[in-house]
Amino acid sequence: MEIKMPYSSSDLDRAEGLEIEALIKASQEPYPDPIAWMEEVRRNILVTTVDSVLNWCRHYSVWPLNLGLACCAFEMIATAVSRFDISRFGMELLRASPRQADLMIVAGTLTWKMAPALKRVYDQMPEPKWVLAMGACAISGGPFYDSYSVVPGVNRIIPVDVYVPGCPPRPEALLHGIIMLHQKIDKDSLLKKR
Amino acid sequence: MTKPLSPQEVARQIREHIPDAVTDFDESAVFARSEALFQVARFLKQNLDLDYLASITAVDFFEHFELIYHLTSITKNHSVILKTRCEKGEKVPSVISLWQGADFQERDIFDLMGIAFVGHPNLKRIFLWDGFKGHPLRKDWSKNAAQD
């Protein structure tokens, strides 16, 4: 059975010829080599704000202080090591020295006897610094709210940026708190009153 | 397993050497008069080889305090529980010269229960800070009363 085509092979040849002729006509000059980006000025200017750059740097390099006061410390350690891996958020190690730390994670119960030490360690941290109150005890004293020896909330001693509730909070909760802190850092500005 | 010595037998031995020191005994412990506590403790250490003081506990019974000494012999592998009663404000002899481990425990009881130990070389608060009012593990202590 013969198939009736809607076009002949000579039609195809004619269409191909027209396309090539058109391409020859359009291709009389070579394209310039793509080297414009190598110009010094164009290569080195990025338009942004000082706030954005600073916040971007701070966002991805918050170093926490290894401040475990009670049982919450174990959840903090679990957050730091490989299973939950705090490094994913640019935090790398928990620093042993307040001089190297930006974030104080108050993990556990703060007693009045410990409070002067906590205050001193906070004062030793360089600016800018943030505080994350981890767990019920750090937030409000928790089950020891009415105790003779426990500070009812670390915000009596130092200003707190993020509160992570739980007794103790799971590592996911602490990581969520850290993400909230990142969002707070992103809104920071040099012009804000401290 | 550490074998608890019979309180009846221990009380009999103490009574033979120190008359009027032991007031009573029950199925678990020997009760000594607080004035004779040091003599009894020294006797137990020297004659029954109770060379280790595991713990001292104080209990508030409102009308009096009770001190509980858990004594263990590491060499003989046996143990004795010694108890003594004292009134509020009464001083109790320290056993620190027999067992060094009594140091912090007696300070702990002094701090939180307010029982003074005679013969302790450094009897001051251990947990709470200087200036804290009262002894918070006493049953009649209250935070509001201490603040007034």
# chains A, B, ... in the order shown; residues from 1 in each chain; ligands from 1
$ interface_residues --of "chain B" --to "chain A" --cutoff "12 Å" --atoms "only C-alpha atoms" --output "ChimeraX atom specification"
/B:112,125-137,141-147
$ residues_around --residues "B:Ile14" --least-positions-apart "3" --cutoff "10 Å" --atoms "only C-alpha atoms" --output "ChimeraX atom specification"
/B:9-11,17-22,30,32,39-41,43-44,47
$ atom_distance --atom1 "atom CA of B:Lys3" --atom2 "atom CA of B:Arg42"
20.4 Å
$ select_by_dssp --residues "chain A" --states "alpha helix (DSSP H)" --output "ChimeraX atom specification"
/A:9-26,40-44,50-59,72-80,115-124,135-140,171-186
$ residues_around --residues "A:Ile105" --least-positions-apart "6" --cutoff "12 Å" --atoms "only C-alpha atoms" --output "MDAnalysis selection string"
chainID A and resid 62:70 72:73 75:77 79:80 94:95 98 118 121:122 129:135 138:139 154 158 160:164 174:175 177:178 181
$ atom_distance --atom1 "atom CA of A:Asp102" --atom2 "atom CA of A:Asn55"
13.1 Å
$ closest_residue --among "B:Phe65, B:Lys88, B:Ala54, B:Ile81" --to "B:Gly101" --atoms "only C-alpha atoms"
B:Ala54
$ decode --residues "stretch 64-80 of chain B" --atoms "all heavy atoms" --output "PDB file, in the first residue's frame"
ATOM      1  N   HIS B  64      12.753  16.371 117.239  1.00  0.00           N
ATOM      2  CA  HIS B  64      14.201  16.142 117.361  1.00  0.00           C
ATOM      3  C   HIS B  64      14.754  15.798 115.976  1.00  0.00           C
ATOM      4  O   HIS B  64      14.000  15.545 115.034  1.00  0.00           O
ATOM      5  CB  HIS B  64      14.488  14.998 118.343  1.00  0.00           C
ATOM      6  CG  HIS B  64      13.951  13.680 117.880  1.00  0.00           C
ATOM      7  ND1 HIS B  64      12.692  13.230 118.225  1.00  0.00           N
ATOM      8  CD2 HIS B  64      14.486  12.728 117.076  1.00  0.00           C
ATOM      9  CE1 HIS B  64      12.469  12.057 117.656  1.00  0.00           C
ATOM     10  NE2 HIS B  64      13.545  11.732 116.946  1.00  0.00           N
ATOM     11  N   PHE B  65      16.072  15.822 115.883  1.00  0.00           N
ATOM     12  CA  PHE B  65      16.734  15.358 114.654  1.00  0.00           C
ATOM     13  C   PHE B  65      17.273  13.961 114.870  1.00  0.00           C
ATOM     14  O   PHE B  65      17.559  13.569 116.000  1.00  0.00           O
ATOM     15  CB  PHE B  65      17.913  16.265 114.285  1.00  0.00           C
ATOM     16  CG  PHE B  65      17.515  17.643 113.872  1.00  0.00           C
ATOM     17  CD1 PHE B  65      17.846  18.737 114.651  1.00  0.00           C
ATOM     18  CD2 PHE B  65      16.824  17.859 112.693  1.00  0.00           C
ATOM     19  CE1 PHE B  65      17.486  20.010 114.274  1.00  0.00           C
ATOM     20  CE2 PHE B  65      16.460  19.127 112.315  1.00  0.00           C
ATOM     21  CZ  PHE B  65      16.793  20.209 113.113  1.00  0.00           C
ATOM     22  N   GLU B  66      17.446  13.223 113.773  1.00  0.00           N
ATOM     23  CA  GLU B  66      18.118  11.933 113.855  1.00  0.00           C
ATOM     24  C   GLU B  66      19.262  11.914 112.858  1.00  0.00           C
ATOM     25  O   GLU B  66      19.086  12.299 111.692  1.00  0.00           O
ATOM     26  CB  GLU B  66      17.128  10.815 113.536  1.00  0.00           C
ATOM     27  CG  GLU B  66      17.647   9.445 113.916  1.00  0.00           C
ATOM     28  CD  GLU B  66      16.512   8.419 113.884  1.00  0.00           C
ATOM     29  OE1 GLU B  66      15.747   8.326 114.865  1.00  0.00           O
ATOM     30  OE2 GLU B  66      16.403   7.724 112.871  1.00  0.00           O
ATOM     31  N   LEU B  67      20.433  11.509 113.312  1.00  0.00           N
ATOM     32  CA  LEU B  67      21.593  11.377 112.429  1.00  0.00           C
ATOM     33  C   LEU B  67      21.822   9.900 112.177  1.00  0.00           C
ATOM     34  O   LEU B  67      21.775   9.090 113.108  1.00  0.00           O
ATOM     35  CB  LEU B  67      22.831  11.988 113.074  1.00  0.00           C
ATOM     36  CG  LEU B  67      22.869  13.507 113.135  1.00  0.00           C
ATOM     37  CD1 LEU B  67      23.951  13.951 114.101  1.00  0.00           C
ATOM     38  CD2 LEU B  67      23.129  14.090 111.769  1.00  0.00           C
ATOM     39  N   ILE B  68      22.070   9.550 110.918  1.00  0.00           N
ATOM     40  CA  ILE B  68      22.245   8.153 110.540  1.00  0.00           C
ATOM     41  C   ILE B  68      23.618   7.985 109.899  1.00  0.00           C
ATOM     42  O   ILE B  68      23.920   8.648 108.903  1.00  0.00           O
ATOM     43  CB  ILE B  68      21.138   7.711 109.559  1.00  0.00           C
ATOM     44  CG1 ILE B  68      19.769   7.942 110.197  1.00  0.00           C
ATOM     45  CG2 ILE B  68      21.313   6.258 109.175  1.00  0.00           C
ATOM     46  CD1 ILE B  68      18.674   8.115 109.202  1.00  0.00           C
ATOM     47  N   TYR B  69      24.424   7.127 110.482  1.00  0.00           N
ATOM     48  CA  TYR B  69      25.776   6.875 109.976  1.00  0.00           C
ATOM     49  C   TYR B  69      25.809   5.487 109.353  1.00  0.00           C
ATOM     50  O   TYR B  69      25.532   4.493 110.037  1.00  0.00           O
ATOM     51  CB  TYR B  69      26.797   6.940 111.118  1.00  0.00           C
ATOM     52  CG  TYR B  69      26.955   8.310 111.736  1.00  0.00           C
ATOM     53  CD1 TYR B  69      25.979   8.826 112.581  1.00  0.00           C
ATOM     54  CD2 TYR B  69      28.089   9.076 111.491  1.00  0.00           C
ATOM     55  CE1 TYR B  69      26.108  10.079 113.151  1.00  0.00           C
ATOM     56  CE2 TYR B  69      28.232  10.332 112.058  1.00  0.00           C
ATOM     57  CZ  TYR B  69      27.245  10.834 112.889  1.00  0.00           C
ATOM     58  OH  TYR B  69      27.383  12.066 113.450  1.00  0.00           O
ATOM     59  N   HIS B  70      26.148   5.426 108.088  1.00  0.00           N
ATOM     60  CA  HIS B  70      26.307   4.128 107.411  1.00  0.00           C
ATOM     61  C   HIS B  70      27.786   3.772 107.422  1.00  0.00           C
ATOM     62  O   HIS B  70      28.577   4.396 106.730  1.00  0.00           O
ATOM     63  CB  HIS B  70      25.792   4.196 105.976  1.00  0.00           C
ATOM     64  CG  HIS B  70      24.312   4.192 105.878  1.00  0.00           C
ATOM     65  ND1 HIS B  70      23.583   3.104 105.452  1.00  0.00           N
ATOM     66  CD2 HIS B  70      23.397   5.142 106.164  1.00  0.00           C
ATOM     67  CE1 HIS B  70      22.295   3.382 105.488  1.00  0.00           C
ATOM     68  NE2 HIS B  70      22.155   4.618 105.903  1.00  0.00           N
ATOM     69  N   LEU B  71      28.141   2.760 108.217  1.00  0.00           N
ATOM     70  CA  LEU B  71      29.542   2.361 108.365  1.00  0.00           C
ATOM     71  C   LEU B  71      29.780   1.042 107.640  1.00  0.00           C
ATOM     72  O   LEU B  71      28.946   0.138 107.716  1.00  0.00           O
ATOM     73  CB  LEU B  71      29.886   2.212 109.848  1.00  0.00           C
ATOM     74  CG  LEU B  71      29.604   3.451 110.702  1.00  0.00           C
ATOM     75  CD1 LEU B  71      29.761   3.114 112.170  1.00  0.00           C
ATOM     76  CD2 LEU B  71      30.540   4.572 110.318  1.00  0.00           C
ATOM     77  N   THR B  72      30.907   0.966 106.962  1.00  0.00           N
ATOM     78  CA  THR B  72      31.231  -0.233 106.197  1.00  0.00           C
ATOM     79  C   THR B  72      32.668  -0.640 106.488  1.00  0.00           C
ATOM     80  O   THR B  72      33.513   0.219 106.706  1.00  0.00           O
ATOM     81  CB  THR B  72      31.072   0.031 104.687  1.00  0.00           C
ATOM     82  OG1 THR B  72      29.796   0.590 104.455  1.00  0.00           O
ATOM     83  CG2 THR B  72      31.207  -1.240 103.877  1.00  0.00           C
ATOM     84  N   SER B  73      32.900  -1.937 106.500  1.00  0.00           N
ATOM     85  CA  SER B  73      34.264  -2.440 106.597  1.00  0.00           C
ATOM     86  C   SER B  73      34.698  -2.944 105.227  1.00  0.00           C
ATOM     87  O   SER B  73      34.090  -3.871 104.687  1.00  0.00           O
ATOM     88  CB  SER B  73      34.342  -3.579 107.612  1.00  0.00           C
ATOM     89  OG  SER B  73      35.624  -4.169 107.535  1.00  0.00           O
ATOM     90  N   ILE B  74      35.715  -2.324 104.676  1.00  0.00           N
ATOM     91  CA  ILE B  74      36.208  -2.770 103.375  1.00  0.00           C
ATOM     92  C   ILE B  74      37.010  -4.057 103.530  1.00  0.00           C
ATOM     93  O   ILE B  74      36.956  -4.957 102.690  1.00  0.00           O
ATOM     94  CB  ILE B  74      37.048  -1.651 102.722  1.00  0.00           C
ATOM     95  CG1 ILE B  74      36.111  -0.503 102.340  1.00  0.00           C
ATOM     96  CG2 ILE B  74      37.787  -2.157 101.488  1.00  0.00           C
ATOM     97  CD1 ILE B  74      36.810   0.751 101.948  1.00  0.00           C
ATOM     98  N   THR B  75      37.726  -4.194 104.651  1.00  0.00           N
ATOM     99  CA  THR B  75      38.551  -5.392 104.854  1.00  0.00           C
ATOM    100  C   THR B  75      37.694  -6.608 105.212  1.00  0.00           C
ATOM    101  O   THR B  75      37.917  -7.703 104.705  1.00  0.00           O
ATOM    102  CB  THR B  75      39.579  -5.137 105.969  1.00  0.00           C
ATOM    103  OG1 THR B  75      38.885  -4.583 107.088  1.00  0.00           O
ATOM    104  CG2 THR B  75      40.657  -4.185 105.511  1.00  0.00           C
ATOM    105  N   LYS B  76      36.684  -6.418 106.078  1.00  0.00           N
ATOM    106  CA  LYS B  76      35.868  -7.556 106.527  1.00  0.00           C
ATOM    107  C   LYS B  76      34.580  -7.717 105.715  1.00  0.00           C
ATOM    108  O   LYS B  76      33.863  -8.708 105.894  1.00  0.00           O
ATOM    109  CB  LYS B  76      35.498  -7.387 108.007  1.00  0.00           C
ATOM    110  CG  LYS B  76      36.685  -7.329 108.946  1.00  0.00           C
ATOM    111  CD  LYS B  76      37.151  -8.734 109.311  1.00  0.00           C
ATOM    112  CE  LYS B  76      38.344  -8.710 110.237  1.00  0.00           C
ATOM    113  NZ  LYS B  76      38.070  -8.089 111.538  1.00  0.00           N
ATOM    114  N   ASN B  77      34.255  -6.707 104.907  1.00  0.00           N
ATOM    115  CA  ASN B  77      33.048  -6.745 104.073  1.00  0.00           C
ATOM    116  C   ASN B  77      31.771  -6.904 104.893  1.00  0.00           C
ATOM    117  O   ASN B  77      30.934  -7.753 104.606  1.00  0.00           O
ATOM    118  CB  ASN B  77      33.158  -7.853 103.021  1.00  0.00           C
ATOM    119  CG  ASN B  77      32.227  -7.619 101.847  1.00  0.00           C
ATOM    120  OD1 ASN B  77      31.756  -6.492 101.665  1.00  0.00           O
ATOM    121  ND2 ASN B  77      31.948  -8.647 101.087  1.00  0.00           N
ATOM    122  N   HIS B  78      31.651  -6.112 105.943  1.00  0.00           N
ATOM    123  CA  HIS B  78      30.383  -6.071 106.674  1.00  0.00           C
ATOM    124  C   HIS B  78      30.034  -4.617 106.974  1.00  0.00           C
ATOM    125  O   HIS B  78      30.847  -3.718 106.752  1.00  0.00           O
ATOM    126  CB  HIS B  78      30.432  -6.932 107.938  1.00  0.00           C
ATOM    127  CG  HIS B  78      31.476  -6.519 108.925  1.00  0.00           C
ATOM    128  ND1 HIS B  78      32.197  -7.428 109.663  1.00  0.00           N
ATOM    129  CD2 HIS B  78      31.939  -5.309 109.289  1.00  0.00           C
ATOM    130  CE1 HIS B  78      33.039  -6.782 110.440  1.00  0.00           C
ATOM    131  NE2 HIS B  78      32.901  -5.500 110.237  1.00  0.00           N
ATOM    132  N   SER B  79      28.808  -4.399 107.450  1.00  0.00           N
ATOM    133  CA  SER B  79      28.361  -3.012 107.643  1.00  0.00           C
ATOM    134  C   SER B  79      27.488  -2.886 108.880  1.00  0.00           C
ATOM    135  O   SER B  79      26.886  -3.868 109.337  1.00  0.00           O
ATOM    136  CB  SER B  79      27.589  -2.538 106.419  1.00  0.00           C
ATOM    137  OG  SER B  79      26.404  -3.280 106.281  1.00  0.00           O
ATOM    138  N   VAL B  80      27.436  -1.648 109.407  1.00  0.00           N
ATOM    139  CA  VAL B  80      26.631  -1.344 110.589  1.00  0.00           C
ATOM    140  C   VAL B  80      25.971   0.010 110.350  1.00  0.00           C
ATOM    141  O   VAL B  80      26.577   0.905 109.754  1.00  0.00           O
ATOM    142  CB  VAL B  80      27.517  -1.264 111.864  1.00  0.00           C
ATOM    143  CG1 VAL B  80      26.728  -0.686 113.036  1.00  0.00           C
ATOM    144  CG2 VAL B  80      28.060  -2.633 112.218  1.00  0.00           C
TER     145      VAL B  80
END
